[in-house]
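J.: Got a structure for you, questions after.
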Amino acid sequence: MWKVAMSEEVGKALQSVAERVKLAAARRQKTLPSVSPRLVAVSKTKPPIMVVEAYRHGQRNFGENYVNELIDKASDPLILESCPDIKWHFIGHLQKNNVNKLLGVPNLFLVETVDSVKLADRVNSSWERIRGGSPQKLQIMVQVNTSGEQSKHGLPPEDTVSTVKHIVSRCSALHFTGLMTIGRYGYDLTLGPNPDFQMLISRRQEVCESLKLPVEEVELSMGMSTDFEHAIEVGSTNVRVGSIIFGNREYPNSAANTPTPSPEKTSKMVCEEAARKMQQHLTVSDH
């Protein structure tokens, strides 16, 4: 009974998001490349059965943030048996010592978070060994830190062109497919277009002009559950949506697995704690 209810819930959520993606694409300016947006269902912390249910409802692209979790899911017998055409996207921070593990993942489709020349070289050499002479290239995106926040990964925007040029000219085992960003959380769209998205769009233009690449062949991966429609409207071709498909994430009760709060949330917590201590001090002084 639980499985039936879950299947219907995931199916309805997927249908709703897919419709919103379609409508957002229809609102794009006609001057933008007419590339159909790809929906990546982010299954972080969710069990394999939920991936299978989403797959049964037509979803093929799935994203994971952590190498070990992706390895476990991609190698899960249920997923291997039920999802032969699944396409895994790695969308989290990739450390160089985890490259070999990641590239061994079955049905790995796209690594969206290459954020340095050194990491690109490591991924390139590792993929050359793994593919064993096969002409198949690994699809990668270059992650750009458009917001400038220290808590975000990604290369500085001014390094985008040189990094892409290095990948295209020196990394023969890799296929550069586009640029990716996370951007600042909680941006108020009433203030206008998201400046982080605008930054990524401008960097794409620079890359295309410098390397003589067609704009429609360089993807933009930007937009998540809270802002994917706006991202598509301004040109995103790849959106990463998790919670509104699978529900809120549930993290184990351990410090190692508790997500780090965003800088905005951390700042708010610090202010609230300072206010609490000040109130205690005033109360003591009154007595």
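As shown in the structure tokens, the chain order sets the letters A, B, ...; within each chain, residues go from 1, and ligands are also counted from 1 in the order they appear.
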Extract the full set of alpha helix (DSSP H) residues from stretch 25-206 of chain A according to DSSP on the backbone, and format it as JSON, numbers by chain.
T.: {"A": [25, 26, 48, 49, 50, 51, 52, 53, 54, 55, 56, 67, 68, 69, 70, 71, 72, 73, 74, 77, 78, 79, 80, 81, 82, 99, 100, 101, 102, 103, 117, 118, 119, 120, 121, 122, 123, 124, 125, 126, 127, 128, 129, 130, 131, 160, 161, 162, 163, 164, 165, 166, 167, 168, 169, 170, 195, 196, 197, 198, 199, 200, 201, 202, 203, 204, 205, 206]}
J.: Closest to A:Ser125 among A:Ala173, A:Leu138, A:Ile91, A:Leu78, using only C-alpha atoms?
T.: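 Ranked by minimum distance to A:Ser125, first place goes to A:Ala173.
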J.: Which neighbours of A:Ser172 fall inside 10 Å, counting only C-alpha atoms, when residues of the same chain fewer than 2 positions from it are skipped, and could you give them as a PyMOL selection string?
T.: chain A and resi 121+124-125+127-128+135+137-138+167-170+174-175
J.: My list of candidates is A:Gly235, A:Gly183, A:Pro156, A:Pro84. Which is closest to A:Val52 when distances are computed with only C-alpha atoms?
T.: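 For A:Val52, the nearest of the candidates is A:Pro84.
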J.: List the spatial neighbours of A:Glu112 as a PyMOL selection string - criterion: any atom at most 12 Å away, only C-alpha atoms, same-chain residues fewer than 2 positions off excluded.
T.: chain A and resi 40+63-65+88-94+108-110+114-115+120+138-144+153-154+175-182+219-222+238-240
J.: Let's have the selection written as a PDB file, in the first residue's frame, with C-alpha atoms.
T.:
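As a result, out36.pdb now contains:
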```
ATOM      1  CA  VAL A  40      17.580  16.406 -13.329  1.00  0.00           C
ATOM      2  CA  GLY A  63      21.568  13.862  -9.693  1.00  0.00           C
ATOM      3  CA  GLU A  64      23.615  13.042  -6.608  1.00  0.00           C
ATOM      4  CA  ASN A  65      25.830  15.298  -4.468  1.00  0.00           C
ATOM      5  CA  TRP A  88      23.538   9.840 -13.470  1.00  0.00           C
ATOM      6  CA  HIS A  89      24.707  13.427 -12.970  1.00  0.00           C
ATOM      7  CA  PHE A  90      27.283  14.224 -10.305  1.00  0.00           C
ATOM      8  CA  ILE A  91      26.407  17.676  -8.970  1.00  0.00           C
ATOM      9  CA  GLY A  92      28.418  17.932  -5.741  1.00  0.00           C
ATOM     10  CA  HIS A  93      31.929  19.073  -4.923  1.00  0.00           C
ATOM     11  CA  LEU A  94      34.456  16.627  -6.365  1.00  0.00           C
ATOM     12  CA  LEU A 108      27.589   7.994 -15.291  1.00  0.00           C
ATOM     13  CA  PHE A 109      26.298  10.584 -17.766  1.00  0.00           C
ATOM     14  CA  LEU A 110      27.656  13.984 -16.738  1.00  0.00           C
ATOM     15  CA  VAL A 114      34.755  20.479 -12.601  1.00  0.00           C
ATOM     16  CA  ASP A 115      36.066  23.652 -10.970  1.00  0.00           C
ATOM     17  CA  ALA A 120      40.054  18.641 -15.147  1.00  0.00           C
ATOM     18  CA  LEU A 138      33.166  11.874 -20.604  1.00  0.00           C
ATOM     19  CA  GLN A 139      30.740  14.788 -20.556  1.00  0.00           C
ATOM     20  CA  ILE A 140      31.662  17.499 -18.072  1.00  0.00           C
ATOM     21  CA  MET A 141      30.569  20.984 -17.095  1.00  0.00           C
ATOM     22  CA  VAL A 142      32.680  23.725 -15.564  1.00  0.00           C
ATOM     23  CA  GLN A 143      31.348  25.034 -12.260  1.00  0.00           C
ATOM     24  CA  VAL A 144      31.569  28.796 -11.724  1.00  0.00           C
ATOM     25  CA  HIS A 153      32.612  25.856  -4.746  1.00  0.00           C
ATOM     26  CA  GLY A 154      33.441  26.787  -8.302  1.00  0.00           C
ATOM     27  CA  HIS A 175      33.696  16.654 -23.785  1.00  0.00           C
ATOM     28  CA  PHE A 176      32.918  20.148 -22.521  1.00  0.00           C
ATOM     29  CA  THR A 177      29.136  20.549 -22.528  1.00  0.00           C
ATOM     30  CA  GLY A 178      28.523  23.751 -20.594  1.00  0.00           C
ATOM     31  CA  LEU A 179      28.715  25.856 -17.436  1.00  0.00           C
ATOM     32  CA  MET A 180      27.136  25.244 -14.047  1.00  0.00           C
ATOM     33  CA  THR A 181      26.465  27.426 -11.010  1.00  0.00           C
ATOM     34  CA  ILE A 182      24.608  27.229  -7.710  1.00  0.00           C
ATOM     35  CA  GLU A 219      24.583  24.374 -21.868  1.00  0.00           C
ATOM     36  CA  LEU A 220      23.772  26.315 -18.723  1.00  0.00           C
ATOM     37  CA  SER A 221      23.078  24.288 -15.582  1.00  0.00           C
ATOM     38  CA  MET A 222      21.405  26.670 -13.150  1.00  0.00           C
ATOM     39  CA  ASN A 238      19.590  21.960 -17.182  1.00  0.00           C
ATOM     40  CA  VAL A 239      17.740  22.344 -13.851  1.00  0.00           C
ATOM     41  CA  ARG A 240      18.408  20.358 -10.689  1.00  0.00           C
TER      42      ARG A 240
END
```
J.: Rounded to one decimal, what separation in Å do you get between atom CA of A:Ser151 and atom CA of A:Pro193?
T.: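 Computing the Euclidean distance for atom CA of A:Ser151 and atom CA of A:Pro193 yields 22.3 Å.
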J.: One number please: atom CA of A:Arg38 to atom CA of A:Gly11, in Å, one decimal.
T.: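 Atom CA of A:Arg38 sits 17.3 Å away from atom CA of A:Gly11.
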J.: For a quick check of understanding, using only C-alpha atoms, which of A:Gln150, A:Lys30, A:Ala54, A:Pro37 has the smallest distance to A:Gln15?
T.: A:Ala54
J.: Compare A:Val164, A:Ile201, A:Leu39, A:Leu32 by their minimum atom-to-atom distance to A:Arg20, counting only C-alpha atoms, and give me the closest one.
T.: A:Leu39
J.: Find the residues near A:Arg56: any atom within 12 Å, counting only C-alpha atoms, skip ones fewer than 5 places away on the same chain, and give them as an MDAnalysis selection string.
T.: chainID A and resid 7:8 10:11 14 49:51 79 82:86
J.: Considering only C-alpha atoms, return as an MDAnalysis selection string whatever protein or nucleic-acid residues lie within 8 Å of A:Val215, sequence-local ones (same chain, fewer than 5 positions apart) excluded.
T.: chainID A and resid 33 204:205 208
J.: Just the selected residues (N, CA and C atoms), exported as a compact mmCIF listing (two decimals), in the first residue's frame, please.
T.:
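Dumped everything to again_28.txt:
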```txt
# COMPACT_ATOMS: atom_id res chain seq x y z
N PRO A 33 18.59 30.47 -27.31
CA PRO A 33 18.63 29.19 -28.03
C PRO A 33 17.42 28.33 -27.68
N ARG A 204 29.19 32.46 -20.54
CA ARG A 204 28.99 31.59 -21.71
C ARG A 204 29.26 32.36 -23.00
N GLN A 205 28.77 33.58 -23.05
CA GLN A 205 28.97 34.39 -24.25
C GLN A 205 30.47 34.60 -24.51
N CYS A 208 31.99 31.29 -25.78
CA CYS A 208 31.61 31.02 -27.17
C CYS A 208 32.36 31.93 -28.14
```
J.: Quick check for you: according to DSSP on this backbone, which residues of stretch 117-153 of chain A are classed as strand (DSSP E or B)? Reply as an MDAnalysis selection string.
T.: chainID A and resid 138:144
J.: I'd like to know which of A:Asn100, A:His230, A:Lys165, A:Glu216 is closest to A:Thr190, using only C-alpha atoms.
T.: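 So, comparing all the options, the nearest one is A:His230.
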J.: What's the 10 Å shell around A:Ala26, counting only C-alpha atoms, without same-chain residues fewer than 6 positions away, as a list in words?
T.: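 Listed by chain and then number, they are Arg20, Ser34, Ser36, Ile232 and Glu233 of chain A.
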J.: Could those residues be written to a file, using N, CA, C and O atoms, as a PDB file, in the first residue's frame?
T.:
```pdb
ATOM      1  N   ARG A  20       5.665  22.560 -15.373  1.00  0.00           N
ATOM      2  CA  ARG A  20       6.219  23.872 -15.037  1.00  0.00           C
ATOM      3  C   ARG A  20       7.481  24.171 -15.856  1.00  0.00           C
ATOM      4  O   ARG A  20       7.704  25.314 -16.272  1.00  0.00           O
ATOM      5  N   SER A  34      16.815  27.719 -28.686  1.00  0.00           N
ATOM      6  CA  SER A  34      15.614  26.905 -28.449  1.00  0.00           C
ATOM      7  C   SER A  34      16.004  25.485 -28.053  1.00  0.00           C
ATOM      8  O   SER A  34      15.751  24.520 -28.780  1.00  0.00           O
ATOM      9  N   SER A  36      15.519  22.480 -25.418  1.00  0.00           N
ATOM     10  CA  SER A  36      14.569  21.989 -24.409  1.00  0.00           C
ATOM     11  C   SER A  36      15.300  21.748 -23.088  1.00  0.00           C
ATOM     12  O   SER A  36      16.318  21.041 -23.068  1.00  0.00           O
ATOM     13  N   ILE A 232      15.089  28.842 -16.134  1.00  0.00           N
ATOM     14  CA  ILE A 232      14.737  28.420 -17.495  1.00  0.00           C
ATOM     15  C   ILE A 232      14.343  29.632 -18.339  1.00  0.00           C
ATOM     16  O   ILE A 232      14.742  29.750 -19.503  1.00  0.00           O
ATOM     17  N   GLU A 233      13.575  30.524 -17.762  1.00  0.00           N
ATOM     18  CA  GLU A 233      13.121  31.707 -18.494  1.00  0.00           C
ATOM     19  C   GLU A 233      14.289  32.540 -19.020  1.00  0.00           C
ATOM     20  O   GLU A 233      14.209  33.125 -20.106  1.00  0.00           O
TER      21      GLU A 233
END
```
J.: What gap, in Å, lies between atom CA of A:Glu158 and atom CA of A:Arg203?
T.: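 So the two atoms, atom CA of A:Glu158 and atom CA of A:Arg203, lie 8.3 Å apart.
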J.: Nearest residue to A:Ala231 out of A:Asn194, A:Ser243, A:Ser210, A:Thr146, using only C-alpha atoms?
T.: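 Residue with the minimum atom-to-atom distance to A:Ala231: A:Asn194.
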